[in-house]
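Below is the file start-v2.cif, which contains mmCIF, C-alpha atoms and all ligand atoms.
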```cif
data_query
loop_
_atom_site.label_atom_id
_atom_site.label_comp_id
_atom_site.auth_asym_id
_atom_site.auth_seq_id
_atom_site.Cartn_x
_atom_site.Cartn_y
_atom_site.Cartn_z
CA MET A 1 13.34 -2.03 10.31
CA THR A 2 11.41 -2.13 13.57
CA ALA A 3 7.68 -2.68 13.95
CA GLN A 4 7.55 0.51 16.06
CA ALA A 5 9.05 2.64 13.26
CA LEU A 6 6.60 1.19 10.72
CA ALA A 7 3.65 1.83 13.05
CA ALA A 8 4.80 5.41 13.72
CA LEU A 9 4.94 6.25 10.01
CA HIS A 10 1.66 4.41 9.37
CA ALA A 11 -0.05 6.50 12.07
CA ARG A 12 0.98 9.67 10.17
CA CYS A 13 -0.48 8.34 6.92
CA PHE A 14 -3.81 6.63 7.66
CA THR A 15 -7.27 7.51 8.94
CA ILE A 16 -9.37 5.22 6.72
CA PRO A 17 -8.60 2.40 7.27
CA PRO A 18 -7.14 3.08 10.73
CA PRO A 19 -3.36 2.74 11.22
CA TRP A 20 -1.89 -0.60 12.19
CA SER A 21 -0.44 -1.24 15.64
CA ALA A 22 3.22 -2.11 16.23
CA GLU A 23 1.99 -5.60 17.18
CA SER A 24 0.36 -6.04 13.75
CA PHE A 25 3.59 -5.00 12.03
CA ALA A 26 5.63 -7.32 14.27
CA ALA A 27 3.39 -10.23 13.24
CA SER A 28 3.85 -9.37 9.55
CA LEU A 29 7.63 -9.05 9.91
CA ALA A 30 7.68 -12.54 11.43
CA ASP A 31 5.49 -13.98 8.66
CA LEU A 32 7.62 -15.68 5.97
CA ALA A 33 4.87 -15.01 3.40
CA CYS A 34 5.27 -11.24 3.88
CA HIS A 35 7.70 -9.02 1.99
CA LEU A 36 8.66 -5.50 3.06
CA GLU A 37 10.09 -2.77 0.81
CA VAL A 38 11.43 0.32 2.54
CA SER A 39 12.60 3.66 1.25
CA GLY A 40 15.56 5.56 2.69
CA PRO A 41 17.55 5.08 5.89
CA ALA A 42 15.23 7.58 7.60
CA LEU A 43 12.17 5.56 6.46
CA THR A 44 10.34 7.92 4.13
CA GLY A 45 8.03 5.12 3.03
CA PHE A 46 7.32 1.41 2.91
CA ALA A 47 5.19 -1.18 1.14
CA LEU A 48 4.17 -4.50 2.67
CA PHE A 49 3.16 -7.44 0.49
CA ARG A 50 2.02 -10.99 1.19
CA LEU A 51 2.41 -13.89 -1.23
CA VAL A 52 0.14 -16.95 -1.22
CA LEU A 53 0.87 -19.42 -4.03
CA ASP A 54 0.78 -17.34 -7.23
CA GLU A 55 -1.22 -14.45 -5.73
CA ALA A 56 0.36 -11.42 -4.11
CA GLU A 57 -1.50 -8.85 -2.04
CA LEU A 58 -0.35 -5.34 -1.28
CA LEU A 59 -1.26 -5.19 2.41
CA THR A 60 -0.32 -1.56 2.95
CA LEU A 61 1.69 1.29 1.46
CA ALA A 62 2.71 4.52 3.17
CA VAL A 63 4.86 7.51 2.23
CA ALA A 64 5.62 10.27 4.75
CA PRO A 65 3.60 13.41 3.98
CA GLU A 66 6.76 15.52 3.48
CA ALA A 67 8.19 12.99 0.97
CA ARG A 68 5.17 12.67 -1.33
CA ARG A 69 5.00 13.37 -5.09
CA ALA A 70 8.69 12.55 -5.51
CA GLY A 71 8.31 9.03 -6.89
CA VAL A 72 8.76 7.17 -3.58
CA GLY A 73 5.41 5.35 -3.72
CA ARG A 74 5.88 4.39 -7.37
CA ALA A 75 9.41 3.04 -6.67
CA LEU A 76 8.25 1.02 -3.64
CA LEU A 77 5.41 -0.51 -5.66
CA SER A 78 7.63 -1.27 -8.62
CA ARG A 79 10.34 -2.95 -6.51
CA GLY A 80 7.78 -4.91 -4.50
CA LEU A 81 5.87 -6.12 -7.57
CA GLU A 82 9.13 -7.24 -9.19
CA ALA A 83 10.06 -9.16 -6.01
CA MET A 84 6.61 -10.80 -5.96
CA ARG A 85 6.92 -11.71 -9.64
CA ARG A 86 10.34 -13.29 -9.06
CA LYS A 87 8.88 -15.35 -6.23
CA GLY A 88 6.15 -16.69 -8.53
CA ALA A 89 3.24 -14.25 -8.27
CA GLN A 90 1.10 -13.96 -11.39
CA ARG A 91 -1.27 -11.35 -10.00
CA CYS A 92 -1.31 -8.75 -7.27
CA TYR A 93 -4.45 -7.49 -5.52
CA LEU A 94 -5.04 -4.56 -3.20
CA GLU A 95 -7.93 -2.76 -1.51
CA VAL A 96 -8.18 1.00 -1.36
CA ALA A 97 -10.77 3.40 0.04
CA ALA A 98 -12.86 4.88 -2.79
CA SER A 99 -12.19 8.33 -1.28
CA ASN A 100 -8.38 7.95 -1.56
CA ALA A 101 -7.74 9.82 -4.83
CA PRO A 102 -3.90 9.98 -4.55
CA ALA A 103 -3.57 6.22 -4.04
CA ILE A 104 -6.10 5.44 -6.80
CA ALA A 105 -4.12 7.69 -9.19
CA LEU A 106 -0.90 5.89 -8.22
CA TYR A 107 -2.44 2.45 -8.82
CA HIS A 108 -3.80 3.50 -12.23
CA ALA A 109 -0.34 4.86 -13.09
CA THR A 110 1.36 1.57 -12.15
CA GLY A 111 -0.72 -0.93 -14.11
CA PHE A 112 -3.49 -1.79 -11.64
CA ARG A 113 -7.10 -2.00 -12.81
CA GLU A 114 -10.24 -1.87 -10.67
CA CYS A 115 -11.92 -5.29 -10.51
CA ALA A 116 -14.49 -5.04 -7.68
CA ARG A 117 -16.18 -2.66 -5.23
CA ARG A 118 -17.18 -3.49 -1.65
CA PRO A 119 -19.91 -1.05 -0.59
CA GLY A 120 -19.48 0.40 2.91
CA TYR A 121 -16.44 -1.82 3.59
CA TYR A 122 -14.51 0.71 5.69
CA ARG A 123 -16.32 1.66 8.91
CA SER A 124 -14.14 3.92 11.02
CA LYS A 125 -15.37 5.60 14.17
CA GLY A 126 -16.36 9.21 13.43
CA HIS A 127 -16.42 8.69 9.65
CA ALA A 128 -19.19 7.78 7.23
CA PRO A 129 -18.90 4.25 5.79
CA CYS A 130 -16.65 4.23 2.75
CA ASP A 131 -16.55 1.78 -0.18
CA ALA A 132 -13.44 -0.28 -0.84
CA LEU A 133 -12.20 -0.69 -4.40
CA VAL A 134 -10.33 -3.88 -5.26
CA PHE A 135 -7.55 -3.46 -7.80
CA GLN A 136 -5.64 -6.13 -9.67
CA ALA A 137 -2.36 -6.07 -11.60
CA VAL A 138 -1.25 -8.91 -13.84
CA LEU A 139 2.47 -9.61 -13.37
CA ASP A 140 4.05 -10.89 -16.59
C1 LIG A 201 -0.66 7.12 -2.02
C2 LIG A 201 0.81 7.43 -1.65
C3 LIG A 201 1.47 6.13 -1.19
C4 LIG A 201 1.52 7.96 -2.90
O1 LIG A 201 2.91 8.07 -2.61
P1 LIG A 201 3.86 9.13 -3.39
O2 LIG A 201 5.26 8.79 -3.06
O3 LIG A 201 3.40 10.51 -3.12
O4 LIG A 201 3.54 8.77 -4.92
P2 LIG A 201 4.49 9.05 -6.18
O5 LIG A 201 5.20 10.35 -6.00
O6 LIG A 201 5.33 7.85 -6.44
O7 LIG A 201 3.40 9.23 -7.33
C5 LIG A 201 3.37 8.40 -8.49
C6 LIG A 201 2.14 8.76 -9.32
O8 LIG A 201 0.94 8.50 -8.58
C7 LIG A 201 -0.04 9.54 -8.85
N1 LIG A 201 -0.24 10.36 -7.64
C8 LIG A 201 0.38 10.21 -6.45
N2 LIG A 201 -0.10 11.11 -5.55
C9 LIG A 201 -1.04 11.84 -6.21
C10 LIG A 201 -1.90 12.91 -5.82
N3 LIG A 201 -1.88 13.44 -4.58
N4 LIG A 201 -2.76 13.41 -6.74
C11 LIG A 201 -2.80 12.90 -7.99
N5 LIG A 201 -2.00 11.89 -8.44
C12 LIG A 201 -1.14 11.36 -7.55
C13 LIG A 201 0.58 10.39 -9.96
O9 LIG A 201 0.24 9.76 -11.20
C14 LIG A 201 2.07 10.23 -9.67
O10 LIG A 201 2.89 10.50 -10.78
P3 LIG A 201 3.40 12.02 -11.04
O11 LIG A 201 3.90 12.57 -9.73
O12 LIG A 201 4.46 11.83 -12.08
O13 LIG A 201 2.18 12.76 -11.53
C15 LIG A 201 0.89 8.52 -0.54
O14 LIG A 201 0.09 9.62 -0.92
C16 LIG A 201 0.45 8.06 0.84
O15 LIG A 201 1.24 7.48 1.61
N6 LIG A 201 -0.84 8.30 1.18
C17 LIG A 201 -1.36 7.92 2.51
C18 LIG A 201 -1.42 6.42 2.69
C19 LIG A 201 -2.18 5.74 1.58
O16 LIG A 201 -3.20 6.23 1.10
N7 LIG A 201 -1.69 4.54 1.16
C20 LIG A 201 -2.32 3.73 0.15
C21 LIG A 201 -3.49 3.05 0.75
S1 LIG A 201 -4.17 1.77 -0.27
#
```
Written as structure tokens, how would this file's structure read?
Ligand SMILES: CC(C)(COP(=O)(O)OP(=O)(O)OC[C@H]1O[C@@H](n2cnc3c(N)ncnc32)[C@H](O)[C@@H]1OP(=O)(O)O)[C@@H](O)C(=O)NCCC(=O)NCCS
Amino acid sequence: MTAQALAALHARCFTIPPPWSAESFAASLADLACHLEVSGPALTGFALFRLVLDEAELLTLAVAPEARRAGVGRALLSRGLEAMRRKGAQRCYLEVAASNAPAIALYHATGFRECARRPGYYRSKGHAPCDALVFQAVLD
């Protein structure tokens, strides 16, 4: 999977926080601590994780608008969390904009629980500041 393809899909999926550049994805793909899950040969979605000791972080998750509500996001999360667990992760954390109802519903549906709030964390040009919610899942 190329960094350009990941950045192109990301740009279709994100406003807050802003989409990542191809350079950011290239750096993650080269980082041995990062783990990428992709969906479909035509790239309908992907999830990017990073593992540090026994803590995983979901760095980003994106599903193409035309492929949503078909279980792609849930499957990417489930496969990625299982991979993190096998590599020794005991917990997984993520941050999500408090205004992102679809993602928050997905995280609740996949075993994540809210553990912190960062007021005004997301500050995107042209948008009011938005809180970040921190979610945690315990990986048994
Ligand atoms: C959030 C996102 C990844 C969900 O992907 P998806 O493939 O549509 O999700 P799924 O079809 O696997 O949904 C699984 C469950 O999540 C919840 N869910 C997902 N989207 C939802 C929505 N729009 N409204 C309510 N619940 C939703 C539901 O519980 C759903 O189960 P159900 O369809 O059986 O009711 C996708 O909407 C997306 O890419 N959004 C833009 C980028 C983004 O916000 N990424 C996460 C940032 S932290």
So which residues touch Ala98 (chain A) within 9 Å, counting all atoms listed in the file, skipping near sequence neighbours fewer than 4 positions away, as a short mmCIF file (atom, residue, chain, number, x, y, z; two decimals) with C-alpha atoms, in the frame of the given file?
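Done, and the output landed in result.cif:
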```cif
data_model
loop_
_atom_site.label_atom_id
_atom_site.label_comp_id
_atom_site.auth_asym_id
_atom_site.auth_seq_id
_atom_site.Cartn_x
_atom_site.Cartn_y
_atom_site.Cartn_z
CA ILE A 104 -6.10 5.44 -6.80
CA ARG A 117 -16.18 -2.66 -5.23
CA CYS A 130 -16.65 4.23 2.75
CA ASP A 131 -16.55 1.78 -0.18
CA ALA A 132 -13.44 -0.28 -0.84
CA LEU A 133 -12.20 -0.69 -4.40
#
```
>> Neighbouring residues of ligand LIG 201 (chain A) are defined here as those with any atom at most 9 Å from a ligand atom, counting all atoms listed in the file; list them as a ChimeraX atom specification.
In response: /A:10,12-17,44-47,58-77,94-97,100-110
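Distance annotation: of A:Arg123, A:Met84, A:Arg79, A:Ala5, the residue with the minimal separation from Cys34 (chain A) is A:Met84; atom set is only C-alpha atoms.
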> Hey, can you check how far CA of Arg91 (chain A) sits from CA of Ser28 (chain A)?
Replying inline: 20.3 Å
> If you measure from CA of Arg113 (chain A) to CA of Phe135 (chain A), what distance in Å do you get, rounded to one decimal?
Replying inline: 5.2 Å
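CA of Ala22 (chain A) is found 5.1 Å from CA of Ala7 (chain A).
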>> From the options A:Gly120, A:Gly40, A:Gly126, A:Gly88, which residue's atoms come nearest to Leu139 (chain A), counting all atoms listed in the file?
In response: A:Gly88
> For Pro41 (chain A), which residue among A:Ala8, A:Ala27, A:Cys92, A:Met1 is the nearest when counting all atoms listed in the file?
Replying inline: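 For Pro41 (chain A), the nearest of the candidates is A:Met1.
Closest to His127 (chain A) among A:Ala30, A:Gly111, A:Pro18, A:Leu53 is A:Pro18, based on only C-alpha atoms.
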> Looking at A:Ala56, A:Leu6, A:Ala83, A:Ala128, which one is nearest to Ser99 (chain A), with distances taken over all atoms listed in the file?
Replying inline: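 Ranking A:Ala56, A:Leu6, A:Ala83, A:Ala128 by distance to Ser99 (chain A), first place goes to A:Ala128.
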